[in-house]
Structures are given as C-alpha cells and as structure tokens.
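J.: Data: run_13.tsv, TSV, C-alpha atoms.
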```tsv
chain	number	residue	atom	x	y	z
Y	1309	MET	CA	91.55	43.09	-16.26
Y	1310	HIS	CA	93.31	40.09	-17.80
Y	1311	HIS	CA	96.65	40.93	-16.20
Y	1312	PHE	CA	95.14	41.58	-12.78
Y	1313	GLY	CA	93.08	38.38	-12.99
Y	1314	SER	CA	96.02	36.21	-13.98
Y	1315	GLU	CA	98.08	37.58	-11.07
Y	1316	VAL	CA	95.23	36.82	-8.67
Y	1317	ARG	CA	95.04	33.24	-9.93
Y	1318	LEU	CA	98.82	32.74	-9.65
Y	1319	ALA	CA	98.90	34.13	-6.11
Y	1320	ARG	CA	95.85	32.13	-5.03
Y	1321	GLU	CA	97.21	28.85	-6.39
Y	1322	ALA	CA	100.65	29.52	-4.87
Y	1323	ALA	CA	98.93	30.00	-1.51
Y	1324	GLY	CA	97.00	26.74	-1.93
Y	1325	MET	CA	93.72	28.64	-1.64
Y	1326	SER	CA	90.47	27.76	-3.39
Y	1327	CYS	CA	88.21	30.23	-5.22
Y	1328	GLU	CA	85.61	29.66	-2.50
Y	1329	ALA	CA	88.07	30.58	0.24
Y	1330	LEU	CA	89.07	33.83	-1.48
Y	1331	ALA	CA	85.42	34.63	-2.17
Y	1332	ASP	CA	84.61	34.21	1.54
Y	1333	LEU	CA	87.24	36.79	2.45
Y	1334	VAL	CA	85.96	39.51	0.08
Y	1335	PRO	CA	83.04	38.53	0.49
Y	1336	CYS	CA	81.58	37.65	-2.92
Y	1337	ASN	CA	80.54	34.49	-4.70
Y	1338	LYS	CA	82.87	31.95	-6.29
Y	1339	GLY	CA	81.68	32.93	-9.77
Y	1340	THR	CA	82.86	36.50	-9.27
Y	1341	VAL	CA	86.38	35.30	-8.38
Y	1342	SER	CA	86.41	33.04	-11.43
Y	1343	ARG	CA	85.30	35.84	-13.76
Y	1344	ILE	CA	87.91	38.23	-12.36
Y	1345	GLU	CA	90.66	35.63	-12.75
Y	1346	ALA	CA	89.56	35.05	-16.35
Y	1347	GLY	CA	89.65	38.79	-17.06
Y	1348	LEU	CA	85.91	38.90	-17.70
Y	1349	SER	CA	84.89	41.09	-14.75
Y	1350	MET	CA	86.22	44.32	-13.31
Y	1351	PRO	CA	87.32	43.92	-9.66
Y	1352	ASP	CA	86.42	46.65	-7.19
Y	1353	ARG	CA	88.94	48.14	-4.79
Y	1354	ARG	CA	87.75	45.93	-1.91
Y	1355	PHE	CA	88.74	42.86	-3.94
Y	1356	ALA	CA	92.21	44.34	-4.55
Y	1357	GLU	CA	92.59	45.16	-0.86
Y	1358	VAL	CA	91.74	41.59	0.17
Y	1359	CYS	CA	94.27	40.22	-2.34
Y	1360	SER	CA	97.00	42.53	-1.02
Y	1361	GLU	CA	96.24	41.55	2.57
Y	1362	THR	CA	95.80	37.82	1.92
Y	1363	PHE	CA	98.81	37.37	-0.34
Y	1364	ARG	CA	100.92	39.97	1.51
Y	1365	ASN	CA	101.57	41.85	-1.71
Y	1366	PRO	CA	100.73	45.58	-2.01
Y	1367	TRP	CA	100.92	45.28	-5.80
Y	1368	PHE	CA	97.21	44.43	-6.11
Y	1369	VAL	CA	96.01	47.70	-4.56
Y	1370	ARG	CA	98.72	49.73	-6.26
Y	1371	PHE	CA	97.89	48.25	-9.66
Y	1372	TRP	CA	94.14	48.76	-9.14
Y	1373	ASP	CA	94.64	52.40	-8.11
Y	1374	ASP	CA	96.93	53.10	-11.07
Y	1375	SER	CA	94.48	51.49	-13.50
Y	1376	GLN	CA	91.73	53.98	-12.67
Y	1377	SER	CA	93.43	56.62	-14.81
Y	1378	TRP	CA	93.94	54.35	-17.81
Y	1379	LYS	CA	92.16	54.28	-21.15
Y	1380	VAL	CA	88.81	52.71	-20.33
Y	1381	ALA	CA	88.44	54.46	-17.00
Y	1382	ALA	CA	89.21	57.76	-18.68
Y	1383	MET	CA	86.19	57.27	-20.94
Y	1384	PHE	CA	83.89	57.89	-17.98
Y	1385	PRO	CA	83.59	60.99	-15.79
Y	1386	VAL	CA	85.32	60.87	-12.42
Y	1387	SER	CA	81.94	61.31	-10.72
Y	1388	LEU	CA	80.60	58.10	-12.28
Y	1389	ARG	CA	83.71	56.14	-11.28
Y	1390	GLU	CA	83.25	57.48	-7.76
Y	1391	PHE	CA	79.58	56.49	-7.66
Y	1392	ALA	CA	80.38	53.02	-9.05
Y	1393	ALA	CA	82.55	52.36	-5.98
Y	1394	TYR	CA	79.58	53.07	-3.70
Y	1395	GLU	CA	77.28	51.14	-6.02
Y	1396	ALA	CA	79.47	48.04	-5.65
Y	1397	GLU	CA	79.03	48.13	-1.86
Y	1398	ALA	CA	75.37	49.19	-1.80
Y	1399	THR	CA	72.76	47.50	0.35
Y	1400	THR	CA	69.98	49.41	-1.43
Y	1401	LEU	CA	69.84	51.17	-4.79
Y	1402	TRP	CA	67.22	53.57	-6.14
Y	1403	LEU	CA	67.41	54.16	-9.90
Y	1404	CYS	CA	65.32	56.56	-11.97
Y	1405	GLU	CA	65.70	56.69	-15.75
Y	1406	HIS	CA	63.65	58.63	-18.27
Y	1407	SER	CA	65.12	57.76	-21.68
Y	1408	VAL	CA	66.91	54.40	-21.72
Y	1409	ILE	CA	67.05	51.21	-19.68
Y	1410	PRO	CA	69.27	51.73	-16.59
Y	1411	GLY	CA	72.86	50.54	-17.04
Y	1412	LEU	CA	72.63	47.87	-14.33
Y	1413	LEU	CA	69.78	46.24	-16.25
Y	1414	GLN	CA	71.22	46.46	-19.77
Y	1415	VAL	CA	72.49	43.67	-21.99
Y	1416	GLU	CA	75.86	44.28	-23.62
Y	1417	SER	CA	74.56	44.66	-27.19
Y	1418	TYR	CA	72.10	47.35	-26.05
Y	1419	ALA	CA	74.80	49.15	-24.05
Y	1420	ARG	CA	77.18	49.04	-27.01
Y	1421	ALA	CA	74.54	50.50	-29.34
Y	1422	ALA	CA	73.82	53.29	-26.84
Y	1423	PHE	CA	77.49	54.21	-26.57
Y	1424	GLU	CA	77.89	54.17	-30.36
Y	1425	ARG	CA	75.47	57.11	-30.49
Y	1426	HIS	CA	77.91	59.26	-28.49
Y	1427	PRO	CA	79.78	61.81	-30.65
Y	1428	ASP	CA	83.37	60.94	-31.60
Y	1429	THR	CA	83.05	57.40	-30.22
Y	1430	THR	CA	84.43	54.56	-32.33
Y	1431	PRO	CA	82.84	51.08	-32.36
Y	1432	GLU	CA	85.90	49.78	-30.50
Y	1433	GLN	CA	85.55	52.42	-27.78
Y	1434	ALA	CA	81.82	51.73	-27.52
Y	1435	ALA	CA	82.54	48.02	-27.06
Y	1436	GLU	CA	85.07	48.76	-24.30
Y	1437	MET	CA	82.68	51.11	-22.53
Y	1438	ALA	CA	79.88	48.56	-22.77
Y	1439	SER	CA	82.07	45.84	-21.26
Y	1440	VAL	CA	82.87	48.10	-18.31
Y	1441	ARG	CA	79.17	48.86	-17.82
Y	1442	ILE	CA	78.32	45.16	-17.84
Y	1443	ALA	CA	81.13	44.45	-15.35
Y	1444	ARG	CA	79.43	46.84	-12.92
Y	1445	GLN	CA	76.48	44.44	-12.86
Y	1446	ASP	CA	78.51	42.09	-10.66
Y	1447	VAL	CA	76.90	43.92	-7.75
Y	1448	LEU	CA	73.68	42.09	-8.63
Y	1449	ALA	CA	75.46	38.71	-8.56
Y	1450	ARG	CA	76.71	39.01	-4.98
Y	1451	ASP	CA	75.69	36.38	-2.45
Y	1452	ARG	CA	73.71	39.15	-0.77
Y	1453	PRO	CA	72.76	41.49	-3.62
Y	1454	PRO	CA	71.35	44.92	-2.88
Y	1455	ARG	CA	67.65	45.70	-2.78
Y	1456	VAL	CA	66.99	47.58	-6.02
Y	1457	TRP	CA	64.06	49.92	-6.72
Y	1458	VAL	CA	63.82	51.06	-10.34
Y	1459	LEU	CA	61.59	53.66	-11.99
Y	1460	ILE	CA	61.68	53.81	-15.81
Y	1461	ASP	CA	59.64	56.04	-18.08
Y	1462	GLU	CA	57.48	53.71	-20.17
Y	1463	GLN	CA	58.68	55.40	-23.36
Y	1464	ALA	CA	62.17	53.92	-22.81
Y	1465	LEU	CA	60.73	50.49	-23.67
Y	1466	TYR	CA	59.99	51.68	-27.19
Y	1467	ARG	CA	62.95	53.95	-27.93
Y	1468	GLU	CA	64.86	52.16	-30.69
Y	1469	VAL	CA	68.37	52.30	-29.25
Y	1470	ALA	CA	69.40	49.26	-31.31
Y	1471	GLU	CA	67.97	46.97	-33.96
Y	1472	PRO	CA	64.67	45.22	-33.08
Y	1473	ALA	CA	66.29	41.87	-32.28
Y	1474	VAL	CA	68.57	43.54	-29.73
Y	1475	MET	CA	65.62	45.49	-28.31
Y	1476	ALA	CA	63.65	42.26	-27.89
Y	1477	ASP	CA	66.61	40.67	-26.11
Y	1478	GLN	CA	66.95	43.73	-23.87
Y	1479	MET	CA	63.28	43.67	-22.89
Y	1480	ARG	CA	63.44	39.94	-22.13
Y	1481	HIS	CA	66.41	40.63	-19.88
Y	1482	LEU	CA	64.61	43.53	-18.20
Y	1483	LEU	CA	61.62	41.28	-17.58
Y	1484	ALA	CA	63.82	38.57	-16.05
Y	1485	MET	CA	65.59	41.07	-13.82
Y	1486	ALA	CA	62.29	42.63	-12.73
Y	1487	MET	CA	61.11	39.20	-11.60
Y	1488	ARG	CA	64.02	38.77	-9.18
Y	1489	PRO	CA	62.92	38.97	-5.54
Y	1490	ASN	CA	65.38	41.78	-4.72
Y	1491	ILE	CA	64.49	43.96	-7.74
Y	1492	THR	CA	61.32	46.00	-8.22
Y	1493	VAL	CA	60.74	47.72	-11.56
Y	1494	GLN	CA	57.90	50.19	-11.98
Y	1495	LEU	CA	57.07	52.04	-15.18
Y	1496	ILE	CA	56.05	55.69	-15.22
Y	1497	PRO	CA	53.15	56.20	-17.69
Y	1498	ARG	CA	54.40	57.72	-20.93
Y	1499	LYS	CA	51.19	59.65	-21.58
Y	1500	ARG	CA	51.76	62.13	-18.77
Y	1501	MET	CA	54.43	64.71	-17.98
Y	1502	ASN	CA	56.58	63.84	-14.96
Y	1503	VAL	CA	59.55	65.36	-13.15
Y	1504	ALA	CA	61.78	62.41	-14.12
Y	1505	LEU	CA	61.98	63.90	-17.61
Y	1506	SER	CA	64.25	66.61	-16.21
Y	1507	GLY	CA	67.06	64.12	-15.61
Y	1508	ALA	CA	68.01	60.61	-14.53
Y	1509	PHE	CA	69.43	59.96	-11.09
Y	1510	ALA	CA	70.49	57.20	-8.72
Y	1511	VAL	CA	70.90	56.86	-4.97
Y	1512	ALA	CA	73.10	54.22	-3.31
Y	1513	GLU	CA	72.89	53.32	0.37
Y	1514	THR	CA	75.93	51.53	1.81
Y	1515	PRO	CA	76.56	50.39	5.41
Y	1516	GLU	CA	78.51	53.63	5.96
Y	1517	THR	CA	76.77	56.34	3.94
Y	1518	THR	CA	74.22	57.30	1.29
Y	1519	VAL	CA	75.26	59.02	-1.94
Y	1520	ALA	CA	73.43	60.34	-4.98
Y	1521	TYR	CA	74.46	60.51	-8.63
Y	1522	PHE	CA	72.92	62.63	-11.37
Y	1523	ASP	CA	74.14	63.81	-14.73
Y	1524	HIS	CA	73.38	66.29	-17.48
Y	1525	GLN	CA	74.70	67.17	-20.92
Y	1526	VAL	CA	78.03	68.59	-19.74
Y	1527	ASP	CA	79.01	66.83	-16.52
Y	1528	ALA	CA	77.81	64.58	-13.72
Y	1529	THR	CA	77.83	64.74	-9.93
Y	1530	THR	CA	78.27	62.29	-7.08
Y	1531	THR	CA	77.41	63.75	-3.69
Y	1532	ASP	CA	76.69	62.70	-0.13
Y	1533	SER	CA	74.96	66.00	0.64
Y	1534	PRO	CA	72.04	65.13	2.98
Y	1535	ALA	CA	69.92	67.86	1.41
Y	1536	THR	CA	70.49	66.58	-2.14
Y	1537	VAL	CA	69.91	62.96	-1.17
Y	1538	ALA	CA	66.71	63.89	0.67
Y	1539	HIS	CA	65.51	65.92	-2.33
Y	1540	LEU	CA	66.05	63.00	-4.73
Y	1541	TRP	CA	64.45	60.54	-2.33
Y	1542	ALA	CA	61.37	62.78	-2.14
Y	1543	ARG	CA	61.31	63.03	-5.93
Y	1544	PHE	CA	61.62	59.24	-6.23
Y	1545	ASP	CA	58.74	58.67	-3.80
Y	1546	GLY	CA	56.59	61.19	-5.63
Y	1547	LEU	CA	57.24	59.49	-8.97
Y	1548	ARG	CA	56.54	56.07	-7.44
Y	1549	THR	CA	53.02	57.17	-6.46
Y	1550	GLU	CA	52.34	58.01	-10.14
Y	1551	ALA	CA	53.90	54.79	-11.52
Y	1552	TYR	CA	52.23	51.55	-12.51
Y	1553	ARG	CA	52.27	48.83	-9.88
Y	1554	GLY	CA	54.96	46.17	-10.14
Y	1555	THR	CA	52.63	43.52	-11.60
Y	1556	GLU	CA	51.24	45.99	-14.13
Y	1557	SER	CA	54.75	47.00	-15.10
Y	1558	LEU	CA	55.73	43.37	-15.69
Y	1559	GLU	CA	52.79	42.98	-18.06
Y	1560	LEU	CA	53.79	46.10	-19.98
Y	1561	ILE	CA	57.40	44.94	-20.27
Y	1562	GLU	CA	56.17	41.58	-21.54
Y	1563	LYS	CA	54.09	43.38	-24.19
Y	1564	SER	CA	57.17	45.29	-25.29
Y	1565	VAL	CA	59.00	41.99	-25.76
Y	1566	ASP	CA	56.22	40.81	-28.08
Y	1567	THR	CA	56.25	44.12	-29.98
Y	1568	TRP	CA	59.99	44.07	-30.62
Y	1569	GLN	CA	59.99	40.36	-31.39
Y	1570	ALA	CA	57.28	40.88	-34.01
Y	1571	THR	CA	59.22	43.79	-35.51
Y	1572	SER	CA	62.40	41.73	-35.77
Y	1573	SER	CA	60.71	38.79	-37.50
```
Would you put the structure from the file into structure tokens?
T.:
Amino acid sequence: MHHFGSEVRLAREAAGMSCEALADLVPCNKGTVSRIEAGLSMPDRRFAEVCSETFRNPWFVRFWDDSQSWKVAAMFPVSLREFAAYEAEATTLWLCEHSVIPGLLQVESYARAAFERHPDTTPEQAAEMASVRIARQDVLARDRPPRVWVLIDEQALYREVAEPAVMADQMRHLLAMAMRPNITVQLIPRKRMNVALSGAFAVAETPETTVAYFDHQVDATTTDSPATVAHLWARFDGLRTEAYRGTESLELIEKSVDTWQATSS
C-alpha cells in the first residue's frame, strides 16, 4: 500500500495533476486519493486502471494484480477478495449478520479483537487483517456511496468480542453509521429464533450485475447465480418483516452504548 501510494503521488505530481483531478477520473473523493497516496487505504483495481491510463504506465495495474496473491491478501479466501471487488463498485448493499457487527461497520480495534480469536492467528496478523477490513470501508466514503440495508441479530450488540471500552466505541460507531441517510440498520429481536442464525450473507448490486456472498466454517462463496441471489433476497425481506423498525433499532443501539460504557467505567 505504501509503495503503490508513493508511486501514485510521484506520477501525479510529475504530471502536474491535483488530487481533485485524479479523484474526478476514478471517480472518488479527494480524501480517498490522499489516503491511498499515504499508504493508509487499499486501492481497488479501478483506481489502478485509471492510474495506468492517466500516467501511461501499465505498472499500476500489473503491480495491483500481482499484490493480490501476497501476504495480506492470502489471509482471506479468494471468494471474499472477489466479493470485495463488487462491493467497492456497489450501488446498493444488503448485509445480514447474526453474530458480530458487519465488517463495513466495524471499528479497527473491534475488528482486530475478532481476528485475534481465529485459530493460529498472531496479533500481528490480526492487526494486518483488521487494517484490510477497515480499508474496504472506503466504499462508504465515496462521493456517491451505496445505499446500505443492514440486518443484525440484536444479540451481536452484547457479544463481548473485545473489552468493554472497545465495545462501547464500536456501538457508538454503529449508531453514527446507522444515522447516515444512506444506511439503514435494523435489529432482529434476540428473543426469537430466526433463519439468519443459519449463516451471515451479503448481496451487492453494481451497475453491471448483482452478486451474493455467504460463508461457513470451511469456505465461502461468491456467486452471481440468479437463483441464489433471489433466494437470499427473499430471506432478507422475510427477516426484515420480523425486525425492529429503524427508529426502534437506533434506540436499542444507544442503550447498548450505555450498557458497555457503564461496564467499562
């Protein structure tokens, strides 16, 4: 990330181009370009393609493609890396999570604690994996971010993934994200059985296609099968009818903030 970013900055400055001008070509916001140049955000392939075209240097795409098989990328299944590419271009996202806060809505300390629970994962590896997860959240910082519908089992608010202070911070962040105009978060009551408990899933709609992602203990799958996408959409809609309304969910998230804050004091 640092090497790619520094090469982007050198090429952009040599071309006499501003961050805003490069951002307009991608398109993305100026802050995204700045974070990529500083090595703080992971660029997607579209960004690399624009750099190769704009600066007439195929190195950017070649380097980006090669990097997908490197250390951090190898920590994640190929199916997730594939879905992340669609996620970055999505106009609408549907997320359903039964056990933890969805990755796009996590803070880094919460993500790191979650990864540390994975077998044979060192703290250093967990930190790297968390940074990659947070970089994916750039999709929410676009000038035109996707419309995001999120269903979360209420129990996830109280599962102690990390120490109480981190949990309080995570719930504050979830509350802030849920209040964004393009994001709707609804909680599924924890007192009742629901089909979401059988597995988390996500659906991404891009201008070209719609794909679904779901995982289990052994592997994960990204698919554009119309039948699978339709099945998960139907499941999502069914769960949404059983969920709390958006305003009720905000109140419950706010209560979880108070609970974790009191526990951490």
J.: With all atoms listed in the file as the atoms that count, which of Y:Thr1549, Y:Ser1564, Y:Gln1569, Y:Thr1518 lies nearest to Trp1402 of chain Y?
T.: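 Ranking Y:Thr1549, Y:Ser1564, Y:Gln1569, Y:Thr1518 by distance to Trp1402 of chain Y, first place goes to Y:Thr1518.
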J.: Take atom CA of Val1474 of chain Y and atom CA of Ser1417 of chain Y and report the distance between them in Å, one decimal.
T.: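 Those two atoms sit 6.6 Å apart.
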J.: Just the residues within 12 Å of Arg1343 of chain Y, please, counting only C-alpha atoms, with nothing from its chain fewer than 3 positions along; format it as an MDAnalysis selection string.
T.: chainID Y and resid 1309:1310 1312:1314 1316:1317 1327 1331 1336:1340 1346:1351 1443 1446 1449
J.: Let me make sure I understand: among Y:Ala1484, Y:Ala1551, Y:Val1415, Y:Ala1438, which one has the smallest atom-to-atom distance to Leu1459 of chain Y if we use all atoms listed in the file?
T.: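 Using all atoms listed in the file, the shortest distance to Leu1459 of chain Y belongs to Y:Ala1551.
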J.: At what distance in Å, to one decimal, does atom CA of Asn1365 of chain Y lie from atom CA of Glu1395 of chain Y?
T.: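 Going from atom CA of Glu1395 of chain Y over to atom CA of Asn1365 of chain Y, I get 26.4 Å.
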J.: When you look at Ala1419 of chain Y with a cut-off of 12 Å (counting all atoms listed in the file), what residues show up, excluding the ones that are within fewer than 4 positions of it in the same chain? I need them as a VMD selection string.
T.: chain Y and resid 1408 to 1415 1423 to 1426 1431 1433 to 1443 1469 to 1470 1474 to 1475 1477 to 1478
J.: Could you write out that same residue set with C-alpha atoms as an mmCIF file, in the coordinates of the input?
T.:
```cif
data_model
loop_
_atom_site.group_PDB
_atom_site.id
_atom_site.type_symbol
_atom_site.label_atom_id
_atom_site.label_comp_id
_atom_site.auth_asym_id
_atom_site.auth_seq_id
_atom_site.Cartn_x
_atom_site.Cartn_y
_atom_site.Cartn_z
ATOM 1 C CA VAL Y 1408 66.910 54.400 -21.720
ATOM 2 C CA ILE Y 1409 67.050 51.210 -19.680
ATOM 3 C CA PRO Y 1410 69.270 51.730 -16.590
ATOM 4 C CA GLY Y 1411 72.860 50.540 -17.040
ATOM 5 C CA LEU Y 1412 72.630 47.870 -14.330
ATOM 6 C CA LEU Y 1413 69.780 46.240 -16.250
ATOM 7 C CA GLN Y 1414 71.220 46.460 -19.770
ATOM 8 C CA VAL Y 1415 72.490 43.670 -21.990
ATOM 9 C CA PHE Y 1423 77.490 54.210 -26.570
ATOM 10 C CA GLU Y 1424 77.890 54.170 -30.360
ATOM 11 C CA ARG Y 1425 75.470 57.110 -30.490
ATOM 12 C CA HIS Y 1426 77.910 59.260 -28.490
ATOM 13 C CA PRO Y 1431 82.840 51.080 -32.360
ATOM 14 C CA GLN Y 1433 85.550 52.420 -27.780
ATOM 15 C CA ALA Y 1434 81.820 51.730 -27.520
ATOM 16 C CA ALA Y 1435 82.540 48.020 -27.060
ATOM 17 C CA GLU Y 1436 85.070 48.760 -24.300
ATOM 18 C CA MET Y 1437 82.680 51.110 -22.530
ATOM 19 C CA ALA Y 1438 79.880 48.560 -22.770
ATOM 20 C CA SER Y 1439 82.070 45.840 -21.260
ATOM 21 C CA VAL Y 1440 82.870 48.100 -18.310
ATOM 22 C CA ARG Y 1441 79.170 48.860 -17.820
ATOM 23 C CA ILE Y 1442 78.320 45.160 -17.840
ATOM 24 C CA ALA Y 1443 81.130 44.450 -15.350
ATOM 25 C CA VAL Y 1469 68.370 52.300 -29.250
ATOM 26 C CA ALA Y 1470 69.400 49.260 -31.310
ATOM 27 C CA VAL Y 1474 68.570 43.540 -29.730
ATOM 28 C CA MET Y 1475 65.620 45.490 -28.310
ATOM 29 C CA ASP Y 1477 66.610 40.670 -26.110
ATOM 30 C CA GLN Y 1478 66.950 43.730 -23.870
#
```
J.: Determine, counting all atoms listed in the file, which protein, DNA and RNA residues have an atom within 12 Å of an atom of segment 1532-1539 of chain Y; residues of the same chain fewer than 2 positions away are not included. Present the result as a PyMOL selection string.
T.: chain Y and resi 1387+1390-1391+1394+1402+1509-1514+1516-1522+1529-1530+1541-1546
J.: I'd like the neighbourhood of Arg1498 of chain Y as a compact mmCIF listing (two decimals) with C-alpha atoms, keeping the file's coordinate frame, where a residue qualifies if any of its atoms comes within 6 Å (using all atoms listed in the file), though same-chain residues fewer than 2 positions away should be ignored.
T.:
```
# COMPACT_ATOMS: atom_id res chain seq x y z
CA GLU Y 1462 57.48 53.71 -20.17
CA GLN Y 1463 58.68 55.40 -23.36
CA ARG Y 1500 51.76 62.13 -18.77
```
